[in-house]
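This report concerns only the one structure given below.
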Amino acid sequence: MRRVSLAVNGVRHELDLEPRELLVYVLRERLGLTGTNVGCDTSSCGACTVLLNGESVKSCTLLGVQADGTELTTIEGLADNGTLHPMQQAFHEQHGLQCGYCTPGMVLAAISLLAENPDPSEDEIRHGLEGNLCRCTGYQNIVKAVRAAAAVA
Amino acid sequence: MAVSEQQTYVGSPVARKEDPELLTGQARFIDDIVIAGMVWMAVVRSPYAHARILSVDLTAAREAEGVVAAFAGADLSDQWAGGLPCAWPVTEDIKLATHWPLAVDKARYAGDGVAVVIAESRALAKDAAELVHVEYEQLPAVSNVEAALGDDAPILHDELGTNHCYTWKLEAGESERLFAEAAVTVKERYYQNRLIPNAIEPRGVIVQPVPTQGEYTMWSATQIPHILRTTLTLVTGISEAKLRIIAPDVGGGFGSKLDVYAEEALCLALARKLGRPIKWIEERSEAYVATIHGRDVVQEIELAATADGTITAVRVRLTAAMGAYLQLVTPGIPILGAWLYGGCYAVQGYDFECVGVYTNTTPTDAYRGAGRPEATYAIERAVDALARKLEVDPVELRRKNFIREFPATIAAGLTIDSGDYEASLDKALAMVDYEGVRAEQAERRERGDRKQLGIGFSTYVEMCGLAPSRILGAIRYVAGGWDAATIRFLPTGTVQAIVGTSPHGQGHVTTFSQVVADRLGVPIEAVEVIHGDTMVSPLGMDTYGSRSLTVGGVSLWQAADKVVAKAKSIVAHQFEVDDADLREANGTFTLAGTDKTMTVAEAAFAAWTAHNLPDGMEPGLEATAVYDPANFSWPGGTHIAVVEVDTETGSVDIRRYVAVDDLGVVVNPMIVDGQVAGGIAQGVAQALFEEALYDDEANLLTSNMVTYMVPSAAELPKFEIDRTETRATDNPLGVKGVGETGTIASPPAVMNALADALSPFGVFDIAMPATPERVWRALEEAR
Amino acid sequence: MIPARFDYEVAESTQHALELLASREDAKLLAGGHSLIPAMKLRIARPELLVDIGRVSSLAYVRDSGESLAIGALTRHGTIAADAVVQEHCPIVSHAAGLIGDPQVRHCGTIGGSLAHGDPASDLPAVMLALDAELVIVGPGGERTVPAAEFFRGVFDTAVGPEELLTEIRVPKLGERGWSYLKFTRRAQDWATVGVAALVRRDNGGVGEARIALTNMGATPLRAAAAEQALVAGEDDPAAHMAEGTEPASDVSASAEFRSHLARVIGRRAIEEALSR
């Protein structure tokens, strides 16, 4: 067991972790933040995407112990007491989600994308989300949502 | 609401009521559910596609840290009242293989479960599963569906003595004579690539037993809680009354969660045996072998036509892979397309035959479209082949042969209620600028451009909205195709809409709310749609085959009708008039000739207080309706793909994709467009990206998401989506199914476009998926 | 999805990392973890000890050293892709770094981890080979510098020994040289089916020097020597020689034959692009 300190959605947690615990399971099972989903076991699908020090990462491909001392944002940390983050709002308005399983990772990947490129073209959005797989939407409305969010930002 | 006001919600792009939880991480998917005291199951799977199980040594696993129990298949034989069910034995003489939840004597595909370990955590169960030692005698295996019929093919099920599972036929209208008399015929052969569904949420199950009561609650990432309850009763012997199934938020299905899986039976039986809550969550690479696959069908199609291009008859021979066992509806999947090989064309002769075959592979079953993408692909590609042979424009050949009179009884024997194929074709042609594309294509051909352009058409009709129970019975499906809904007014005007369908991304809560709110004249916020729990909605047939609105939605409408009828009696009683004196629209009753009104919601309050009801009327305002559809639903339309092929690398890029669908009355255009786009993406994926490949020993080569090409946003184009509308005449809402149209229509559009682009090189067909290498090889061979 | 058990130590410095590596038979370095952790999740890799060098921040840098750039081994792909100094002086490296995996992978994966992993389908090795980069390795015996041509030894096999650590990558500035790195994949996030890195020095209307290296055309990145010579010799279609001397694998993404074909096609385009820059 190793003692680590994580700041998740602005709250600091001290945890004793087994080294093999993946960050996604630390978030889900230690902290009960089940909004971050697991969709694959090969770091392909991006459903587990969270922000680590503001940048998108796949939390299935980081050990919890590696995240010691970092600041993490999960999907639960975006809305402010019921007021959706502009990216969440854009996904809602543009119908950027169907089953919703890839959505938390997709939203966080999109937020990270806009942080690096505030006014992306459609092509840049599509490539900016190349690490996130969605099986429901055909990405059509996800791309629309990210453009809409960029427009209001 | 005033009587004069029209419906307000149906037809509007109402933002989804489902979204807030899903967008904020508050949804409850199967892996989010934690039960106090639960233990975890891990399944030990055969690494061999065909092997005799000589021994299973569980000693080390049982002694490992945290292990509660471990069992081999033989240890659990007393747990089963029956094997895993096949609900669609398509012929009388079908050869049904027994399918135990764990293999006992032989493993028949790589991934077949042979043992289970139960441990205190997910990690410890996985650790201990590695310690199970199974001794196998490896046997020859066959993964190719045609090879499996060969005389020297290894036999999967020794007791059957053959890999031939069934032969199913449908003949009508003198096809033999029409072929003999035909001026022109074409014969084409296609292979429907094997696909892995890849709902982004893997499967999972939790069973919580109440040992003293013999009661069990199962949460499963399933599309079919009701069917699951009935069938698991047959598998485990647990009374249906003691088994509650809950489908929590489910992360996509596409048919892959329309099944009764070994892990569901195992968790239930082991919860009974051990008296503890048990959880199993599938890993993605595990899903690639343990969750059903789709397609894997060899198709031969022949068309007969007159010299002027009138298609007179179609003849089809299918060889369809079942995989190693029959899952819930495995044998019926190719049959679901059996009526559609004539497409939307007025053929007279029809001759269809399908042979089902066991192979040492993961079982196939319903994957989005289920039989109908296969049919549409074959006819739409064959029509292009005929156009080439006749040297006519493929658009004009289609137009010439369209069914035009509705209702239309097709040669295969069913009746299409409504449609207008020419309207959607014309709209799509205008959107794509057909002449412009042909002009650019000609220029590129002229200058020998490295990148060639092609345009491809798919004018389709499909049958969904499963299904009229009598027809299902006639084709040997063991259940009905009805669905049920209950509308219940609460005293304060809130409406509970309890449905028997079970969504997993389709937006039922919003769509059904729109329907109910309009019919009852209540605000959409007042409607609470409840689904996915057999205790709350005991009647239902669940969600698959684009049936939820066309069947479930109609039952909801009819339940609302009943509520309105009762409310009318209450209002008439309160107004002291006859029912006939009241006019009703959108949930408001007006006394004829006056401005005196009362709403259904007000009547509901009166029904609750019961102070002043007609003599003998029961208090409360609620009604249940069960709707058995009179017909299938027949959406259709035109999809057009414009592709650019890099003739050097073989890469195919979709430049334009136009879809014009006739989906009848549209309740929520935003949701419908989302369904169409997602469906097209999966069809494009079949055409260009995805294929499950096996090696010579029937091991899955594309064994995870790195090697199996689920496309991302970067690989897919924007889709240009529009609609035409002919109202469905067989249901009161006028709606048609939408869940599968995109997946059904798109593969031939893309592949016809590719063939069009390559035709100057003498290349007219590429196998799906059209990988760069396949395109390159085809061009090399033609050069 | 869950790795087998292992021990875990955090290295506070390069020296500390070397001590930890030497302490156990089957110890592995963990940098960004984006090659190792996926393998551990599938239990293909089962190290006994992971030595996490992710906190040795002194190994994450880009320095202009006059003729060349020095890039610390722990510098992340995303950082390199966006680094103004790399973009100005060695854009082939920033460009290739921006093609690796997907944004999330680039936010975590490091240049040192990628190179030391020795995956023949990975993009940076061919770029380093074309550049004739130097790789600085420290070990119990001290520090040594290995040219890229000697660094890659086989599939998942490099000059970095089990008790050693790659610390720095030195890449020459391109100066006037034209460059290209083209990667062929079916999906954006995939490993390269084939990649071609090309550097050309134009000279009196011709090509004075050409350095071309190939991704995934063998167990290691390979120089396309025959194509280089043909290009300098002014042959009409030097890319026709692109696959000569290569031994590409056949796998689910492409046959060896198609890889050879792609090397020629992509190589032709890479030469064109390099000459145009």
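Ordered as shown in the structure tokens, chains take letters A, B, and onward, while each chain numbers its residues from 1 and ligands are numbered from 1 in the order shown.
Of the residues in range 42-143 of chain C, those that DSSP places in strand (DSSP E or B) on the basis of the backbone are Leu49, Leu50, Val51, Asp52, Val62, Arg63, Asp64, Ser68, Leu69, Ala70, Ile71, Gly72, Arg76, Thr110, Glu134, Leu135, Val136, Ile137, Val138, Gly139, Gly142 and Glu143 of chain C.
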Residues at most 10 Å from range 27-32 of chain A, counting only C-alpha atoms, excluding those fewer than 2 positions away in the same chain, as a PyMOL selection string? (chain A and resi 6+8+13+15-17+21-25+34-38+50+59+64+72+74) or (chain B and resi 31-32+34)
With N, CA and C atoms retained, could you export that selection as a compact mmCIF listing (two decimals), in the first residue's frame?
# COMPACT_ATOMS: atom_id res chain seq x y z
N LEU A 6 -4.57 13.01 -3.63
CA LEU A 6 -5.17 13.42 -4.89
C LEU A 6 -6.14 14.57 -4.62
N VAL A 8 -9.28 15.89 -6.17
CA VAL A 8 -10.26 15.51 -7.19
C VAL A 8 -11.44 16.46 -7.12
N HIS A 13 -7.92 14.22 -1.25
CA HIS A 13 -8.13 12.89 -0.66
C HIS A 13 -6.78 12.28 -0.35
N LEU A 15 -5.20 8.66 0.32
CA LEU A 15 -5.62 7.28 0.13
C LEU A 15 -4.43 6.34 0.22
N ASP A 16 -4.67 5.16 0.75
CA ASP A 16 -3.66 4.10 0.71
C ASP A 16 -4.01 3.17 -0.44
N LEU A 17 -3.15 3.14 -1.44
CA LEU A 17 -3.47 2.39 -2.66
C LEU A 17 -2.52 1.23 -2.87
N GLU A 21 -3.69 -0.64 -8.59
CA GLU A 21 -5.00 -0.02 -8.78
C GLU A 21 -4.91 1.06 -9.84
N LEU A 22 -5.67 0.88 -10.90
CA LEU A 22 -5.68 1.88 -11.97
C LEU A 22 -6.43 3.12 -11.48
N LEU A 23 -6.00 4.26 -12.00
CA LEU A 23 -6.62 5.51 -11.55
C LEU A 23 -8.14 5.47 -11.72
N VAL A 24 -8.60 4.87 -12.81
CA VAL A 24 -10.05 4.85 -13.04
C VAL A 24 -10.76 4.10 -11.91
N TYR A 25 -10.15 3.04 -11.39
CA TYR A 25 -10.80 2.31 -10.30
C TYR A 25 -10.65 3.04 -8.97
N THR A 34 -18.41 7.40 -9.96
CA THR A 34 -18.66 6.40 -10.99
C THR A 34 -19.02 7.00 -12.35
N GLY A 35 -18.95 8.31 -12.45
CA GLY A 35 -19.21 8.92 -13.76
C GLY A 35 -18.15 8.59 -14.78
N THR A 36 -16.95 8.30 -14.34
CA THR A 36 -15.87 7.93 -15.24
C THR A 36 -16.01 6.45 -15.58
N ASN A 37 -16.18 6.14 -16.86
CA ASN A 37 -16.52 4.77 -17.24
C ASN A 37 -15.34 4.03 -17.85
N VAL A 38 -15.46 2.71 -17.86
CA VAL A 38 -14.47 1.84 -18.47
C VAL A 38 -15.10 1.19 -19.69
N VAL A 50 -10.27 11.67 -18.06
CA VAL A 50 -10.43 12.70 -17.03
C VAL A 50 -9.38 13.78 -17.32
N SER A 59 -7.73 7.51 -17.78
CA SER A 59 -7.46 7.11 -16.40
C SER A 59 -7.32 5.61 -16.24
N GLY A 64 -3.08 4.64 -10.02
CA GLY A 64 -3.47 5.63 -9.01
C GLY A 64 -2.26 6.26 -8.36
N LEU A 72 -7.16 16.47 -10.29
CA LEU A 72 -7.97 15.76 -11.27
C LEU A 72 -9.35 16.38 -11.36
N THR A 74 -13.08 15.21 -12.84
CA THR A 74 -13.92 14.18 -13.45
C THR A 74 -15.23 14.84 -13.89
N ASP B 31 -21.84 -1.36 -13.79
CA ASP B 31 -20.65 -1.42 -12.94
C ASP B 31 -20.68 -0.37 -11.84
N ASP B 32 -21.64 0.54 -11.89
CA ASP B 32 -21.75 1.56 -10.84
C ASP B 32 -22.49 1.02 -9.62
N VAL B 34 -23.24 -1.23 -6.51
CA VAL B 34 -22.49 -1.95 -5.48
C VAL B 34 -23.50 -2.46 -4.46
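Taking CA of Ser651 in chain B and CA of Glu235 in chain C as the two end points, the separation is 27.5 Å.
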Find the residues of chain B that sit at most 7 Å from chain A; for each, write down the nearest two atoms and how far apart they are in Å, to one decimal. Count only C-alpha atoms. Sort by chain, then by number going up, and give it as JSON lines.
{"residue": "B:Ala15", "atom": "CA", "partner": "A:Glu93", "partner_atom": "CA", "distance": 6.2}
{"residue": "B:Asp19", "atom": "CA", "partner": "A:His92", "partner_atom": "CA", "distance": 6.3}
{"residue": "B:Leu22", "atom": "CA", "partner": "A:Gly100", "partner_atom": "CA", "distance": 5.2}
{"residue": "B:Leu23", "atom": "CA", "partner": "A:Gln88", "partner_atom": "CA", "distance": 6.1}
{"residue": "B:Thr24", "atom": "CA", "partner": "A:Glu76", "partner_atom": "CA", "distance": 5.5}
{"residue": "B:Gly25", "atom": "CA", "partner": "A:Gly35", "partner_atom": "CA", "distance": 3.6}
{"residue": "B:Gln26", "atom": "CA", "partner": "A:Gly35", "partner_atom": "CA", "distance": 6.2}
{"residue": "B:Asp32", "atom": "CA", "partner": "A:Thr34", "partner_atom": "CA", "distance": 5.7}
{"residue": "B:Ala199", "atom": "CA", "partner": "A:Arg135", "partner_atom": "CA", "distance": 6.1}
{"residue": "B:Ile200", "atom": "CA", "partner": "A:Gly39", "partner_atom": "CA", "distance": 5.3}
{"residue": "B:Glu201", "atom": "CA", "partner": "A:Gly39", "partner_atom": "CA", "distance": 5.4}
{"residue": "B:Pro202", "atom": "CA", "partner": "A:Gly39", "partner_atom": "CA", "distance": 6.5}
{"residue": "B:Val250", "atom": "CA", "partner": "A:Cys99", "partner_atom": "CA", "distance": 6.8}
{"residue": "B:Gly251", "atom": "CA", "partner": "A:Cys99", "partner_atom": "CA", "distance": 5.0}
{"residue": "B:Gly252", "atom": "CA", "partner": "A:Cys99", "partner_atom": "CA", "distance": 5.4}
{"residue": "B:Glu283", "atom": "CA", "partner": "A:Asp41", "partner_atom": "CA", "distance": 6.6}
{"residue": "B:Arg284", "atom": "CA", "partner": "A:Cys40", "partner_atom": "CA", "distance": 4.7}
{"residue": "B:Ser285", "atom": "CA", "partner": "A:Asp41", "partner_atom": "CA", "distance": 6.7}
{"residue": "B:His504", "atom": "CA", "partner": "A:Cys99", "partner_atom": "CA", "distance": 5.5}
{"residue": "B:Gly505", "atom": "CA", "partner": "A:Cys99", "partner_atom": "CA", "distance": 3.4}
{"residue": "B:Gln506", "atom": "CA", "partner": "A:Gln98", "partner_atom": "CA", "distance": 6.2}
{"residue": "B:Gly507", "atom": "CA", "partner": "A:Gln98", "partner_atom": "CA", "distance": 6.9}
{"residue": "B:Gly674", "atom": "CA", "partner": "A:Thr137", "partner_atom": "CA", "distance": 6.0}
{"residue": "B:Ala677", "atom": "CA", "partner": "A:Gly138", "partner_atom": "CA", "distance": 5.4}
{"residue": "B:Gly678", "atom": "CA", "partner": "A:Gly138", "partner_atom": "CA", "distance": 4.1}
{"residue": "B:Ala681", "atom": "CA", "partner": "A:Gly138", "partner_atom": "CA", "distance": 4.8}
{"residue": "B:Met705", "atom": "CA", "partner": "A:Ser44", "partner_atom": "CA", "distance": 6.2}
{"residue": "B:Val706", "atom": "CA", "partner": "A:Ser44", "partner_atom": "CA", "distance": 6.5}
{"residue": "B:Ser712", "atom": "CA", "partner": "A:Leu133", "partner_atom": "CA", "distance": 5.4}
{"residue": "B:Ala713", "atom": "CA", "partner": "A:Arg126", "partner_atom": "CA", "distance": 4.8}
{"residue": "B:Ala714", "atom": "CA", "partner": "A:Arg126", "partner_atom": "CA", "distance": 4.6}
{"residue": "B:Lys718", "atom": "CA", "partner": "A:Gln140", "partner_atom": "CA", "distance": 6.1}
Keeping only C-alpha atoms, write the selected residues to a file as a PDB file, in the first residue's frame.
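The resulting file, result38.pdb, is shown below:
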ATOM      1  CA  ALA B  15     -34.136  18.222 -25.749  1.00  0.00           C
ATOM      2  CA  ASP B  19     -29.420  13.809 -20.562  1.00  0.00           C
ATOM      3  CA  LEU B  22     -25.779  11.033 -18.262  1.00  0.00           C
ATOM      4  CA  LEU B  23     -23.948  14.330 -18.683  1.00  0.00           C
ATOM      5  CA  THR B  24     -23.023  14.787 -15.059  1.00  0.00           C
ATOM      6  CA  GLY B  25     -21.861  11.313 -14.113  1.00  0.00           C
ATOM      7  CA  GLN B  26     -24.999  10.562 -12.119  1.00  0.00           C
ATOM      8  CA  ASP B  32     -21.754   1.558 -10.842  1.00  0.00           C
ATOM      9  CA  ALA B 199     -21.521  -1.279 -27.410  1.00  0.00           C
ATOM     10  CA  ILE B 200     -19.140   0.984 -25.520  1.00  0.00           C
ATOM     11  CA  GLU B 201     -20.397  -0.371 -22.214  1.00  0.00           C
ATOM     12  CA  PRO B 202     -19.385  -4.019 -21.904  1.00  0.00           C
ATOM     13  CA  VAL B 250     -27.509   0.549 -20.308  1.00  0.00           C
ATOM     14  CA  GLY B 251     -24.619   1.791 -22.402  1.00  0.00           C
ATOM     15  CA  GLY B 252     -25.657   0.787 -25.882  1.00  0.00           C
ATOM     16  CA  GLU B 283     -13.743  -6.797 -19.922  1.00  0.00           C
ATOM     17  CA  ARG B 284     -13.568  -5.543 -23.482  1.00  0.00           C
ATOM     18  CA  SER B 285     -11.201  -8.179 -24.811  1.00  0.00           C
ATOM     19  CA  HIS B 504     -30.283   1.918 -23.970  1.00  0.00           C
ATOM     20  CA  GLY B 505     -29.650   5.218 -25.676  1.00  0.00           C
ATOM     21  CA  GLN B 506     -32.655   5.658 -27.965  1.00  0.00           C
ATOM     22  CA  GLY B 507     -34.268   8.467 -25.985  1.00  0.00           C
ATOM     23  CA  GLY B 674     -29.340  11.000 -34.197  1.00  0.00           C
ATOM     24  CA  ALA B 677     -26.492   9.198 -38.111  1.00  0.00           C
ATOM     25  CA  GLY B 678     -25.439   6.539 -35.633  1.00  0.00           C
ATOM     26  CA  ALA B 681     -21.796   5.176 -38.951  1.00  0.00           C
ATOM     27  CA  MET B 705     -10.033  -2.634 -29.789  1.00  0.00           C
ATOM     28  CA  VAL B 706      -6.527  -2.041 -31.105  1.00  0.00           C
ATOM     29  CA  SER B 712     -13.514   7.353 -34.472  1.00  0.00           C
ATOM     30  CA  ALA B 713     -14.753  10.811 -35.411  1.00  0.00           C
ATOM     31  CA  ALA B 714     -11.571  11.289 -37.418  1.00  0.00           C
ATOM     32  CA  LYS B 718     -20.502  14.458 -41.776  1.00  0.00           C
TER      33      LYS B 718
END
Expressed in Å to a single decimal, how great is the separation between CA of Gly113 in chain B and CA of Trp100 in chain B?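 Going from CA of Gly113 in chain B over to CA of Trp100 in chain B covers 9.5 Å.
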